[in-house]
>>> print(open('query38.pdb').read())   # PDB, C-alpha atoms
MODEL        1
ATOM      1  CA  MET Q   1      30.202  -6.892  -8.990
ATOM      2  CA  GLY Q   2      26.680  -8.252  -9.444
ATOM      3  CA  LEU Q   3      23.736  -6.218  -8.374
ATOM      4  CA  TRP Q   4      22.712  -8.583  -5.619
ATOM      5  CA  GLN Q   5      26.213  -8.548  -4.184
ATOM      6  CA  ARG Q   6      26.193  -4.749  -4.076
ATOM      7  CA  PHE Q   7      22.775  -4.800  -2.498
ATOM      8  CA  THR Q   8      23.952  -7.271   0.083
ATOM      9  CA  LEU Q   9      26.907  -5.091   1.040
ATOM     10  CA  ILE Q  10      24.750  -2.001   1.418
ATOM     11  CA  PHE Q  11      22.331  -3.867   3.529
ATOM     12  CA  LYS Q  12      24.902  -5.488   5.763
ATOM     13  CA  SER Q  13      26.641  -2.207   6.409
ATOM     14  CA  LYS Q  14      23.307  -0.821   7.571
ATOM     15  CA  ALA Q  15      22.496  -3.803   9.749
ATOM     16  CA  ASN Q  16      25.959  -3.847  11.284
ATOM     17  CA  LYS Q  17      25.744  -0.306  12.601
ATOM     18  CA  ALA Q  18      23.726  -1.706  15.486
ATOM     19  CA  LEU Q  19      26.578  -4.059  16.366
ATOM     20  CA  ASP Q  20      29.205  -1.343  16.554
ATOM     21  CA  LYS Q  21      27.786  -0.110  19.811
ATOM     22  CA  ALA Q  22      28.588  -3.364  21.618
ATOM     23  CA  GLU Q  23      30.436  -2.818  24.919
ATOM     24  CA  ASP Q  24      29.874  -5.383  27.632
ATOM     25  CA  PRO Q  25      28.401  -8.198  25.548
ATOM     26  CA  ARG Q  26      25.868  -9.319  28.114
ATOM     27  CA  GLU Q  27      24.530  -5.833  28.762
ATOM     28  CA  THR Q  28      24.242  -5.357  25.043
ATOM     29  CA  LEU Q  29      21.898  -8.342  24.887
ATOM     30  CA  ASP Q  30      19.340  -6.729  27.143
ATOM     31  CA  TYR Q  31      19.672  -3.371  25.447
ATOM     32  CA  SER Q  32      19.257  -4.950  22.039
ATOM     33  CA  TYR Q  33      16.216  -6.894  23.198
ATOM     34  CA  GLU Q  34      14.603  -3.661  24.422
ATOM     35  CA  LYS Q  35      15.247  -2.102  21.015
ATOM     36  CA  GLN Q  36      13.730  -5.107  19.293
ATOM     37  CA  LEU Q  37      10.580  -4.836  21.364
ATOM     38  CA  GLU Q  38      10.374  -1.137  20.485
ATOM     39  CA  LEU Q  39      10.642  -1.896  16.800
ATOM     40  CA  LEU Q  40       8.043  -4.625  17.132
ATOM     41  CA  GLN Q  41       5.668  -2.044  18.623
ATOM     42  CA  LYS Q  42       6.466   0.338  15.801
ATOM     43  CA  VAL Q  43       5.793  -2.348  13.237
ATOM     44  CA  ARG Q  44       2.414  -3.098  14.798
ATOM     45  CA  ARG Q  45       1.497   0.591  14.715
ATOM     46  CA  GLY Q  46       2.642   0.716  11.094
ATOM     47  CA  VAL Q  47       0.378  -2.205  10.231
ATOM     48  CA  ALA Q  48      -2.537  -0.433  11.928
ATOM     49  CA  ASP Q  49      -1.791   2.799  10.008
ATOM     50  CA  VAL Q  50      -1.787   0.988   6.708
ATOM     51  CA  ALA Q  51      -5.107  -0.678   7.592
ATOM     52  CA  THR Q  52      -6.594   2.737   8.426
ATOM     53  CA  SER Q  53      -5.419   4.171   5.116
ATOM     54  CA  ARG Q  54      -6.849   1.202   3.290
ATOM     55  CA  LYS Q  55     -10.254   1.609   4.946
ATOM     56  CA  ARG Q  56     -10.325   5.303   4.134
ATOM     57  CA  LEU Q  57      -9.471   4.575   0.535
ATOM     58  CA  GLU Q  58     -12.244   1.978   0.346
ATOM     59  CA  LEU Q  59     -14.705   4.530   1.711
ATOM     60  CA  GLN Q  60     -13.632   7.131  -0.824
ATOM     61  CA  ILE Q  61     -13.971   4.664  -3.667
ATOM     62  CA  THR Q  62     -17.512   3.873  -2.484
ATOM     63  CA  GLN Q  63     -18.374   7.567  -2.319
ATOM     64  CA  LEU Q  64     -16.994   8.256  -5.763
ATOM     65  CA  GLN Q  65     -18.852   5.228  -7.118
ATOM     66  CA  GLN Q  66     -22.116   6.524  -5.645
ATOM     67  CA  GLN Q  67     -21.475   9.858  -7.325
ATOM     68  CA  SER Q  68     -20.787   8.123 -10.571
ATOM     69  CA  ASP Q  69     -23.998   6.076 -10.347
ATOM     70  CA  LYS Q  70     -25.948   9.207  -9.528
ATOM     71  CA  LEU Q  71     -24.541  11.041 -12.545
ATOM     72  CA  GLU Q  72     -25.497   8.100 -14.733
ATOM     73  CA  GLY Q  73     -29.062   8.290 -13.400
ATOM     74  CA  GLN Q  74     -29.093  12.018 -14.030
ATOM     75  CA  ALA Q  75     -27.868  11.556 -17.571
ATOM     76  CA  LYS Q  76     -30.730   9.137 -18.238
ATOM     77  CA  ALA Q  77     -33.256  11.520 -16.700
ATOM     78  CA  ALA Q  78     -31.895  14.429 -18.706
ATOM     79  CA  LEU Q  79     -32.034  12.464 -21.930
ATOM     80  CA  ALA Q  80     -35.593  11.348 -21.173
ATOM     81  CA  GLY Q  81     -36.436  15.007 -20.728
ATOM     82  CA  GLY Q  82     -34.952  15.826 -24.095
ATOM     83  CA  ARG Q  83     -31.949  17.649 -22.665
ATOM     84  CA  GLU Q  84     -29.035  16.065 -24.452
ATOM     85  CA  ASP Q  85     -26.697  18.900 -23.431
ATOM     86  CA  LEU Q  86     -27.359  18.161 -19.773
ATOM     87  CA  ALA Q  87     -26.942  14.426 -20.314
ATOM     88  CA  ARG Q  88     -23.615  15.060 -22.016
ATOM     89  CA  GLU Q  89     -22.448  17.215 -19.110
ATOM     90  CA  ALA Q  90     -23.410  14.510 -16.592
ATOM     91  CA  LEU Q  91     -21.636  11.791 -18.587
ATOM     92  CA  THR Q  92     -18.521  13.934 -18.931
ATOM     93  CA  ARG Q  93     -18.345  14.387 -15.182
ATOM     94  CA  ARG Q  94     -18.992  10.695 -14.720
ATOM     95  CA  SER Q  95     -16.122   9.741 -16.976
ATOM     96  CA  GLY Q  96     -13.792  11.933 -14.902
ATOM     97  CA  LEU Q  97     -14.931  10.113 -11.789
ATOM     98  CA  GLN Q  98     -14.460   6.710 -13.379
ATOM     99  CA  THR Q  99     -10.840   7.581 -14.107
ATOM    100  CA  GLN Q 100     -10.318   8.589 -10.474
ATOM    101  CA  ILE Q 101     -11.980   5.401  -9.258
ATOM    102  CA  ALA Q 102      -9.858   3.166 -11.489
ATOM    103  CA  ASP Q 103      -6.748   4.945 -10.293
ATOM    104  CA  LEU Q 104      -7.712   4.581  -6.643
ATOM    105  CA  GLN Q 105      -8.489   0.902  -7.131
ATOM    106  CA  VAL Q 106      -4.966   0.294  -8.346
ATOM    107  CA  GLN Q 107      -3.622   2.031  -5.267
ATOM    108  CA  LEU Q 108      -5.982   0.075  -3.057
ATOM    109  CA  ALA Q 109      -4.661  -3.197  -4.473
ATOM    110  CA  GLN Q 110      -1.099  -2.081  -3.797
ATOM    111  CA  LEU Q 111      -1.967  -1.069  -0.277
ATOM    112  CA  GLN Q 112      -3.674  -4.395   0.397
ATOM    113  CA  ASP Q 113      -0.611  -6.206  -0.843
ATOM    114  CA  GLN Q 114       1.631  -4.104   1.350
ATOM    115  CA  GLU Q 115      -0.600  -4.622   4.365
ATOM    116  CA  GLU Q 116      -0.527  -8.373   3.871
ATOM    117  CA  LYS Q 117       3.257  -8.413   3.661
ATOM    118  CA  LEU Q 118       3.604  -6.209   6.721
ATOM    119  CA  VAL Q 119       1.371  -8.489   8.750
ATOM    120  CA  GLN Q 120       3.556 -11.444   7.758
ATOM    121  CA  ALA Q 121       6.747  -9.479   8.465
ATOM    122  CA  SER Q 122       5.418  -8.516  11.857
ATOM    123  CA  GLN Q 123       4.673 -12.158  12.698
ATOM    124  CA  ARG Q 124       8.095 -13.190  11.472
ATOM    125  CA  LEU Q 125       9.774 -10.490  13.513
ATOM    126  CA  GLN Q 126       7.849 -11.510  16.600
ATOM    127  CA  ALA Q 127       9.094 -15.088  16.219
ATOM    128  CA  LYS Q 128      12.679 -13.863  15.736
ATOM    129  CA  VAL Q 129      12.517 -11.561  18.742
ATOM    130  CA  GLU Q 130      11.214 -14.462  20.776
ATOM    131  CA  ALA Q 131      14.066 -16.647  19.511
ATOM    132  CA  PHE Q 132      16.533 -13.929  20.418
ATOM    133  CA  ARG Q 133      15.129 -13.672  23.936
ATOM    134  CA  THR Q 134      15.602 -17.409  24.503
ATOM    135  CA  LYS Q 135      19.085 -17.279  23.049
ATOM    136  CA  LYS Q 136      20.162 -14.309  25.142
ATOM    137  CA  GLU Q 137      19.121 -16.037  28.366
ATOM    138  CA  THR Q 138      21.130 -19.108  27.350
ATOM    139  CA  ILE Q 139      24.152 -16.995  26.467
ATOM    140  CA  LYS Q 140      23.990 -15.073  29.742
ATOM    141  CA  ALA Q 141      23.645 -18.222  31.819
ATOM    142  CA  THR Q 142      26.128 -20.470  30.052
ATOM    143  CA  TYR Q 143      28.988 -18.483  28.572
ATOM    144  CA  THR Q 144      31.874 -16.425  29.880
ATOM    145  CA  ALA Q 145      32.138 -12.880  28.569
ATOM    146  CA  ALA Q 146      34.659 -13.840  25.876
ATOM    147  CA  GLU Q 147      32.648 -16.807  24.615
ATOM    148  CA  ALA Q 148      29.466 -14.818  24.882
ATOM    149  CA  GLN Q 149      30.798 -12.244  22.414
ATOM    150  CA  THR Q 150      31.004 -14.815  19.628
ATOM    151  CA  LYS Q 151      27.559 -16.216  20.351
ATOM    152  CA  ILE Q 152      26.102 -12.735  20.570
ATOM    153  CA  ASN Q 153      27.558 -11.768  17.213
ATOM    154  CA  GLU Q 154      25.873 -14.768  15.622
ATOM    155  CA  ALA Q 155      22.512 -14.031  17.153
ATOM    156  CA  PHE Q 156      22.934 -10.348  16.412
ATOM    157  CA  SER Q 157      23.643 -10.752  12.726
ATOM    158  CA  GLY Q 158      20.468 -12.745  12.257
ATOM    159  CA  ILE Q 159      18.210 -10.491  14.262
ATOM    160  CA  SER Q 160      19.663  -7.198  13.049
ATOM    161  CA  GLU Q 161      19.152  -8.209   9.463
ATOM    162  CA  GLU Q 162      15.529  -9.036  10.215
ATOM    163  CA  LEU Q 163      15.135  -5.748  12.062
ATOM    164  CA  GLY Q 164      16.686  -3.858   9.157
ATOM    165  CA  ASP Q 165      14.383  -5.516   6.654
ATOM    166  CA  VAL Q 166      11.216  -4.937   8.657
ATOM    167  CA  GLY Q 167      12.352  -1.408   9.546
ATOM    168  CA  MET Q 168      12.723  -0.567   5.873
ATOM    169  CA  ALA Q 169       9.402  -2.187   5.000
ATOM    170  CA  ILE Q 170       7.711  -0.057   7.648
ATOM    171  CA  GLN Q 171       9.441   3.061   6.374
ATOM    172  CA  ARG Q 172       8.151   2.351   2.873
ATOM    173  CA  ALA Q 173       4.655   1.719   4.176
ATOM    174  CA  GLU Q 174       4.762   5.002   6.085
ATOM    175  CA  ASP Q 175       5.895   6.916   3.001
ATOM    176  CA  LYS Q 176       3.187   5.263   0.981
ATOM    177  CA  THR Q 177       0.428   5.993   3.489
ATOM    178  CA  ALA Q 178       1.588   9.617   3.793
ATOM    179  CA  GLN Q 179       1.167   9.950   0.028
ATOM    180  CA  MET Q 180      -2.223   8.290   0.246
ATOM    181  CA  GLN Q 181      -3.307  10.634   3.006
ATOM    182  CA  ALA Q 182      -2.359  13.689   0.966
ATOM    183  CA  ARG Q 183      -4.258  12.276  -1.950
ATOM    184  CA  GLY Q 184      -7.231  11.352   0.242
ATOM    185  CA  GLN Q 185      -7.294  14.908   1.580
ATOM    186  CA  ALA Q 186      -7.469  16.226  -1.959
ATOM    187  CA  ILE Q 187     -10.411  13.953  -2.760
ATOM    188  CA  ASP Q 188     -12.199  14.990   0.434
ATOM    189  CA  GLU Q 189     -11.712  18.627  -0.541
ATOM    190  CA  LEU Q 190     -12.989  17.895  -4.006
ATOM    191  CA  LEU Q 191     -16.068  16.204  -2.549
ATOM    192  CA  ALA Q 192     -16.588  19.092  -0.129
ATOM    193  CA  SER Q 193     -16.151  21.817  -2.742
ATOM    194  CA  GLY Q 194     -19.229  20.655  -4.644
ATOM    195  CA  ALA Q 195     -17.123  20.041  -7.728
ATOM    196  CA  LEU Q 196     -18.385  16.592  -7.027
ATOM    197  CA  ASP Q 197     -21.657  16.467  -5.206
ATOM    198  CA  ASP Q 198     -21.174  14.928  -1.785
ATOM    199  CA  ALA Q 199     -22.632  11.503  -1.169
ATOM    200  CA  SER Q 200     -24.965  12.695   1.587
ATOM    201  CA  GLY Q 201     -26.838  14.722  -1.040
ATOM    202  CA  THR Q 202     -27.023  17.794   1.190
ATOM    203  CA  SER Q 203     -25.651  20.141  -1.419
ATOM    204  CA  LYS Q 204     -26.964  20.245  -4.962
ATOM    205  CA  ASP Q 205     -24.831  20.351  -8.062
ATOM    206  CA  SER Q 206     -25.843  22.265 -11.150
ATOM    207  CA  ILE Q 207     -27.113  19.178 -12.971
ATOM    208  CA  THR Q 208     -29.414  18.287 -10.087
ATOM    209  CA  VAL Q 209     -30.752  21.838  -9.939
ATOM    210  CA  GLU Q 210     -31.388  21.872 -13.677
ATOM    211  CA  LEU Q 211     -33.112  18.465 -13.605
ATOM    212  CA  GLU Q 212     -35.322  19.570 -10.728
ATOM    213  CA  ARG Q 213     -36.195  22.709 -12.619
ATOM    214  CA  MET Q 214     -37.099  20.532 -15.612
ATOM    215  CA  ALA Q 215     -39.157  18.234 -13.451
ATOM    216  CA  SER Q 216     -41.050  21.055 -11.769
ATOM    217  CA  THR Q 217     -41.594  22.827 -15.099
ATOM    218  CA  ASN Q 218     -42.992  19.605 -16.516
ATOM    219  CA  GLU Q 219     -45.249  19.208 -13.527
ATOM    220  CA  VAL Q 220     -46.554  22.783 -13.773
ATOM    221  CA  GLU Q 221     -47.130  22.289 -17.466
ATOM    222  CA  SER Q 222     -49.041  19.075 -16.980
ATOM    223  CA  GLN Q 223     -51.154  20.599 -14.213
ATOM    224  CA  LEU Q 224     -51.905  23.578 -16.405
ATOM    225  CA  ALA Q 225     -52.837  21.266 -19.236
ATOM    226  CA  ALA Q 226     -55.126  19.300 -16.952
ATOM    227  CA  MET Q 227     -56.810  22.491 -15.736
ATOM    228  CA  LYS Q 228     -57.205  23.800 -19.263
ATOM    229  CA  ALA Q 229     -58.780  20.508 -20.246
ATOM    230  CA  GLU Q 230     -61.256  20.760 -17.410
ATOM    231  CA  ILE Q 231     -62.165  24.354 -18.164
ATOM    232  CA  GLY Q 232     -62.174  23.737 -21.882
ATOM    233  CA  SER Q 233     -64.604  20.839 -21.517
ATOM    234  CA  GLY Q 234     -67.211  23.617 -21.364
ATOM    235  CA  PRO Q 235     -70.118  24.670 -19.188
ATOM    236  CA  ALA Q 236     -72.001  21.503 -20.119
ATOM    237  CA  ALA Q 237     -69.767  19.578 -17.764
ATOM    238  CA  PRO Q 238     -70.812  19.252 -14.123
ATOM    239  CA  ALA Q 239     -68.943  22.393 -12.979
ATOM    240  CA  ILE Q 240     -69.852  21.924  -9.318
ATOM    241  CA  GLU Q 241     -68.235  18.466  -9.226
ATOM    242  CA  ALA Q 242     -65.124  19.606 -11.123
ATOM    243  CA  ALA Q 243     -64.264  22.608  -8.986
ATOM    244  CA  PRO Q 244     -63.389  20.757  -5.740
ATOM    245  CA  GLU Q 245     -61.543  18.198  -7.836
ATOM    246  CA  ALA Q 246     -59.284  20.941  -9.164
ATOM    247  CA  GLU Q 247     -58.680  22.312  -5.646
ATOM    248  CA  LYS Q 248     -57.548  18.941  -4.409
ATOM    249  CA  THR Q 249     -54.749  18.822  -6.935
ATOM    250  CA  GLU Q 250     -53.387  22.193  -5.827
TER     251      GLU Q 250
ATOM    252  CA  MET J   1      22.850 -20.316   0.519
ATOM    253  CA  ILE J   2      20.391 -17.951   2.165
ATOM    254  CA  ILE J   3      18.838 -15.105   0.196
ATOM    255  CA  ARG J   4      16.641 -12.411   1.636
ATOM    256  CA  ILE J   5      14.059 -10.633  -0.458
ATOM    257  CA  LEU J   6      13.407  -7.342   1.314
ATOM    258  CA  GLY J   7       9.922  -7.246   2.778
ATOM    259  CA  GLU J   8       9.424 -10.989   2.282
ATOM    260  CA  GLY J   9      12.038 -12.658   4.450
ATOM    261  CA  GLN J  10      14.633 -15.327   3.818
ATOM    262  CA  PHE J  11      14.808 -18.228   1.371
ATOM    263  CA  GLU J  12      17.237 -21.117   1.501
ATOM    264  CA  VAL J  13      18.391 -21.702  -2.055
ATOM    265  CA  PRO J  14      20.489 -24.670  -3.249
ATOM    266  CA  ASP J  15      24.009 -23.615  -4.305
ATOM    267  CA  SER J  16      23.370 -25.285  -7.658
ATOM    268  CA  GLU J  17      21.064 -22.362  -8.476
ATOM    269  CA  LEU J  18      23.843 -19.806  -8.174
ATOM    270  CA  ASP J  19      24.576 -19.750 -11.923
ATOM    271  CA  GLU J  20      20.971 -19.106 -12.826
ATOM    272  CA  ILE J  21      20.632 -16.419 -10.162
ATOM    273  CA  ASN J  22      23.772 -14.716 -11.427
ATOM    274  CA  ARG J  23      22.374 -14.806 -14.954
ATOM    275  CA  LEU J  24      19.090 -13.217 -13.845
ATOM    276  CA  ASP J  25      20.987 -10.685 -11.761
ATOM    277  CA  THR J  26      23.111  -9.671 -14.731
ATOM    278  CA  ALA J  27      19.935  -9.219 -16.780
ATOM    279  CA  LEU J  28      18.548  -6.933 -14.060
ATOM    280  CA  GLU J  29      21.737  -4.940 -13.925
ATOM    281  CA  HIS J  30      21.657  -4.580 -17.683
ATOM    282  CA  ALA J  31      18.046  -3.359 -17.573
ATOM    283  CA  LEU J  32      19.010  -0.869 -14.905
ATOM    284  CA  ARG J  33      21.880   0.476 -17.037
ATOM    285  CA  THR J  34      19.854   0.741 -20.237
ATOM    286  CA  PRO J  35      17.873   4.000 -20.046
ATOM    287  CA  ASP J  36      14.721   2.937 -21.902
ATOM    288  CA  ASP J  37      14.626  -0.581 -20.517
ATOM    289  CA  ASP J  38      11.985  -1.424 -17.939
ATOM    290  CA  VAL J  39      13.515  -3.123 -14.876
ATOM    291  CA  ARG J  40      10.219  -4.722 -13.837
ATOM    292  CA  PRO J  41      10.381  -7.930 -15.918
ATOM    293  CA  ALA J  42      14.008  -8.538 -14.936
ATOM    294  CA  LEU J  43      13.342  -7.921 -11.237
ATOM    295  CA  ASP J  44      10.230 -10.104 -11.305
ATOM    296  CA  ALA J  45      12.148 -12.906 -13.028
ATOM    297  CA  LEU J  46      14.924 -12.814 -10.437
ATOM    298  CA  LEU J  47      12.628 -12.708  -7.420
ATOM    299  CA  ASP J  48      10.263 -15.329  -8.852
ATOM    300  CA  HIS J  49      13.147 -17.690  -9.372
ATOM    301  CA  VAL J  50      14.350 -17.277  -5.787
ATOM    302  CA  ARG J  51      10.829 -17.831  -4.475
ATOM    303  CA  ARG J  52      10.372 -20.905  -6.656
ATOM    304  CA  VAL J  53      13.589 -22.741  -5.855
ATOM    305  CA  GLY J  54      13.942 -21.408  -2.305
ATOM    306  CA  VAL J  55      12.618 -22.894   0.916
ATOM    307  CA  ARG J  56      11.785 -20.711   3.886
ATOM    308  CA  PRO J  57      13.992 -21.493   6.885
ATOM    309  CA  PRO J  58      12.253 -22.153  10.233
ATOM    310  CA  VAL J  59      10.855 -18.895  11.574
ATOM    311  CA  HIS J  60      12.649 -19.231  14.926
ATOM    312  CA  GLU J  61      16.103 -19.463  13.344
ATOM    313  CA  LEU J  62      18.299 -16.384  13.490
ATOM    314  CA  LEU J  63      20.299 -16.619  10.285
ATOM    315  CA  GLU J  64      22.436 -14.208   8.349
ATOM    316  CA  SER J  65      21.727 -13.947   4.620
ATOM    317  CA  ASP J  66      24.392 -14.459   1.988
ATOM    318  CA  ALA J  67      22.523 -12.170  -0.364
ATOM    319  CA  VAL J  68      19.854  -9.503  -0.153
ATOM    320  CA  LEU J  69      17.501  -8.577  -2.983
ATOM    321  CA  PRO J  70      15.321  -5.471  -3.405
ATOM    322  CA  PHE J  71      11.631  -5.186  -2.501
ATOM    323  CA  ALA J  72       9.360  -6.775  -5.104
ATOM    324  CA  ASP J  73       7.594  -3.462  -5.734
ATOM    325  CA  SER J  74      10.803  -1.466  -6.021
ATOM    326  CA  SER J  75      10.777   1.082  -8.777
ATOM    327  CA  GLU J  76      13.815   1.765 -10.865
ATOM    328  CA  GLU J  77      14.438   4.900  -8.795
ATOM    329  CA  ASP J  78      14.131   2.921  -5.554
ATOM    330  CA  ILE J  79      16.860   0.558  -6.698
ATOM    331  CA  ARG J  80      19.055   3.403  -7.892
ATOM    332  CA  ASP J  81      18.513   5.290  -4.652
ATOM    333  CA  MET J  82      19.626   2.296  -2.640
ATOM    334  CA  LEU J  83      22.678   1.753  -4.776
ATOM    335  CA  ASN J  84      23.630   5.435  -4.618
ATOM    336  CA  ASP J  85      23.129   5.534  -0.879
ATOM    337  CA  ASP J  86      26.209   6.349   1.204
ATOM    338  CA  GLY J  87      25.782   2.834   2.585
ATOM    339  CA  LEU J  88      27.371   1.535  -0.591
ATOM    340  CA  ILE J  89      30.795   1.675   0.992
ATOM    341  CA  PRO J  90      30.697  -0.961   3.690
ATOM    342  CA  GLY J  91      31.534   0.598   7.043
TER     343      GLY J  91
ENDMDL
END
>>> encode(input="query38.pdb", output="structure tokens")
Amino acid sequence: MGLWQRFTLIFKSKANKALDKAEDPRETLDYSYEKQLELLQKVRRGVADVATSRKRLELQITQLQQQSDKLEGQAKAALAGGREDLAREALTRRSGLQTQIADLQVQLAQLQDQEEKLVQASQRLQAKVEAFRTKKETIKATYTAAEAQTKINEAFSGISEELGDVGMAIQRAEDKTAQMQARGQAIDELLASGALDDASGTSKDSITVELERMASTNEVESQLAAMKAEIGSGPAAPAIEAAPEAEKTE
Amino acid sequence: MIIRILGEGQFEVPDSELDEINRLDTALEHALRTPDDDVRPALDALLDHVRRVGVRPPVHELLESDAVLPFADSSEEDIRDMLNDDGLIPG
């Protein structure tokens, strides 16, 4: 048997489970409609969940990108200060971040694709549920119980297949977003641990501390040099003018 | 005939396409059976063909599909899982 035929059988057996419960056909219509509305609600929540995950992922990518840019800046500063070891360390960290970012971007693209399809599925389902509602009113008004059963089966097959499809799509989206959330948590923890400096810049990583130390050392050195130059220019210089000048720079 | 691609909805496909679809389906099944073979190209080829020759039925129609195909982003394991599901034996 071909793959698509096997698939079709699996799927139909799933969709048909809903039909097995049929008792009084016309009562079943209302019950089924209620269930459809419930699923429609669930689908809409699923779409919202996926959108939330996507936004969080976008935010994390932005944060990681900021970190990466900052590390690049630090590498340049370190190199300018003659600290190649520090520059190498910054670039190594940056390359780790770039890998993370690339990975997350792939996931983001997948999530966007999934979100788009879910939105379409949700619209399609809404149209089908609406069609079912119209049909069920016609069946209830026009047909005897025996005739109604046939009509209901027709309408049921169509709607239950749609429900099954959308239900599975939502399940997949939920699994996917649960994975993303676990992953997002890990990145948040990584950001918080200081292994990556956080984007707010409230905590300082070792490279920042070292660069600041370099900067302040350089500043002290240049001030010292300036002072030495002033003193060294000898007593012939206008000492009274120079003294307040030196104080100002303190 | 009407073919559903999971997650995408239904497509009405001319019966004249059945041979080609069967050919693509056999290729997918072969890829699935061959351990080192990637199923992606075969699955993409099958779904692309259905999308290309198929026409979407009106959205308000409640129709039953003659065939159902896996999600476009199904992994090999996804497909296997579905086929190994207890749902394989039609109840």
>>> closest_residue(input="query38.pdb", among="J:Glu64, J:Asp15, J:Asp25, J:Glu76", to="Phe156 (chain Q)", atoms="all atoms listed in the file")
J:Glu64
>>> resolve_selection(input="query38.pdb", expression="the PyMOL selection byres ((chain Q and resi 58) around 12)", output="NGL selection string")
:Q and (51-57 or 59-65 or 101 or 104-109 or 111-112 or 180 or 184)
>>> resolve_selection(input="query38.pdb", expression="the PyMOL selection byres ((chain Q and resi 116) around 12)", output="ChimeraX atom specification")
/Q:47-48,50-51,54,109-115,117-123,169,173 /J:7-8
>>> closest_atom_pairs(input="query38.pdb", of="chain J", to="chain Q", cutoff="10 Å", atoms="only C-alpha atoms", output="tab-separated table")
residue	atom	partner	partner_atom	distance
J:Ile3	CA	Q:Thr8	CA	9.4
J:Arg4	CA	Q:Asp165	CA	8.8
J:Ile5	CA	Q:Asp165	CA	8.8
J:Leu6	CA	Q:Asp165	CA	5.7
J:Gly7	CA	Q:Ala169	CA	5.5
J:Glu8	CA	Q:Lys117	CA	6.8
J:Gly9	CA	Q:Ala121	CA	7.4
J:Gln10	CA	Q:Glu162	CA	9.0
J:Ile21	CA	Q:Trp4	CA	9.3
J:Asn22	CA	Q:Gly2	CA	7.4
J:Arg23	CA	Q:Gly2	CA	9.6
J:Asp25	CA	Q:Leu3	CA	6.2
J:Thr26	CA	Q:Gly2	CA	6.5
J:Ala27	CA	Q:Leu3	CA	9.7
J:Leu28	CA	Q:Leu3	CA	7.7
J:Glu29	CA	Q:Leu3	CA	6.0
J:His30	CA	Q:Leu3	CA	9.7
J:Leu32	CA	Q:Leu3	CA	9.7
J:Pro58	CA	Q:Ala127	CA	9.8
J:Val59	CA	Q:Ala127	CA	6.3
J:His60	CA	Q:Lys128	CA	5.4
J:Glu61	CA	Q:Lys128	CA	7.0
J:Leu62	CA	Q:Gly158	CA	4.4
J:Leu63	CA	Q:Gly158	CA	4.4
J:Glu64	CA	Q:Gly158	CA	4.6
J:Ser65	CA	Q:Gly158	CA	7.8
J:Asp66	CA	Q:Thr8	CA	7.4
J:Ala67	CA	Q:Thr8	CA	5.1
J:Val68	CA	Q:Thr8	CA	4.7
J:Leu69	CA	Q:Trp4	CA	5.8
J:Pro70	CA	Q:Phe7	CA	7.5
J:Phe71	CA	Q:Ala169	CA	8.4
J:Asp73	CA	Q:Gln110	CA	9.0
J:Ile79	CA	Q:Phe7	CA	9.0
J:Met82	CA	Q:Phe7	CA	7.8
J:Leu83	CA	Q:Phe7	CA	6.9
J:Asn84	CA	Q:Ile10	CA	9.6
J:Asp85	CA	Q:Ile10	CA	8.0
J:Asp86	CA	Q:Ile10	CA	8.5
J:Gly87	CA	Q:Ile10	CA	5.1
J:Leu88	CA	Q:Ile10	CA	4.8
J:Ile89	CA	Q:Ile10	CA	7.1
J:Pro90	CA	Q:Ser13	CA	5.0
J:Gly91	CA	Q:Ser13	CA	5.7
>>> write_last_selection(input="query38.pdb", atoms="C-alpha atoms", output="compact mmCIF listing (two decimals), in the coordinates of the input")
# COMPACT_ATOMS: atom_id res chain seq x y z
CA ILE J 3 18.84 -15.10 0.20
CA ARG J 4 16.64 -12.41 1.64
CA ILE J 5 14.06 -10.63 -0.46
CA LEU J 6 13.41 -7.34 1.31
CA GLY J 7 9.92 -7.25 2.78
CA GLU J 8 9.42 -10.99 2.28
CA GLY J 9 12.04 -12.66 4.45
CA GLN J 10 14.63 -15.33 3.82
CA ILE J 21 20.63 -16.42 -10.16
CA ASN J 22 23.77 -14.72 -11.43
CA ARG J 23 22.37 -14.81 -14.95
CA ASP J 25 20.99 -10.68 -11.76
CA THR J 26 23.11 -9.67 -14.73
CA ALA J 27 19.93 -9.22 -16.78
CA LEU J 28 18.55 -6.93 -14.06
CA GLU J 29 21.74 -4.94 -13.92
CA HIS J 30 21.66 -4.58 -17.68
CA LEU J 32 19.01 -0.87 -14.90
CA PRO J 58 12.25 -22.15 10.23
CA VAL J 59 10.86 -18.90 11.57
CA HIS J 60 12.65 -19.23 14.93
CA GLU J 61 16.10 -19.46 13.34
CA LEU J 62 18.30 -16.38 13.49
CA LEU J 63 20.30 -16.62 10.28
CA GLU J 64 22.44 -14.21 8.35
CA SER J 65 21.73 -13.95 4.62
CA ASP J 66 24.39 -14.46 1.99
CA ALA J 67 22.52 -12.17 -0.36
CA VAL J 68 19.85 -9.50 -0.15
CA LEU J 69 17.50 -8.58 -2.98
CA PRO J 70 15.32 -5.47 -3.40
CA PHE J 71 11.63 -5.19 -2.50
CA ASP J 73 7.59 -3.46 -5.73
CA ILE J 79 16.86 0.56 -6.70
CA MET J 82 19.63 2.30 -2.64
CA LEU J 83 22.68 1.75 -4.78
CA ASN J 84 23.63 5.44 -4.62
CA ASP J 85 23.13 5.53 -0.88
CA ASP J 86 26.21 6.35 1.20
CA GLY J 87 25.78 2.83 2.58
CA LEU J 88 27.37 1.54 -0.59
CA ILE J 89 30.80 1.68 0.99
CA PRO J 90 30.70 -0.96 3.69
CA GLY J 91 31.53 0.60 7.04
>>> closest_residue(input="query38.pdb", among="Q:Glu189, Q:Glu221, Q:Glu137, Q:Glu72", to="Tyr33 (chain Q)", atoms="all atoms listed in the file")
Q:Glu137
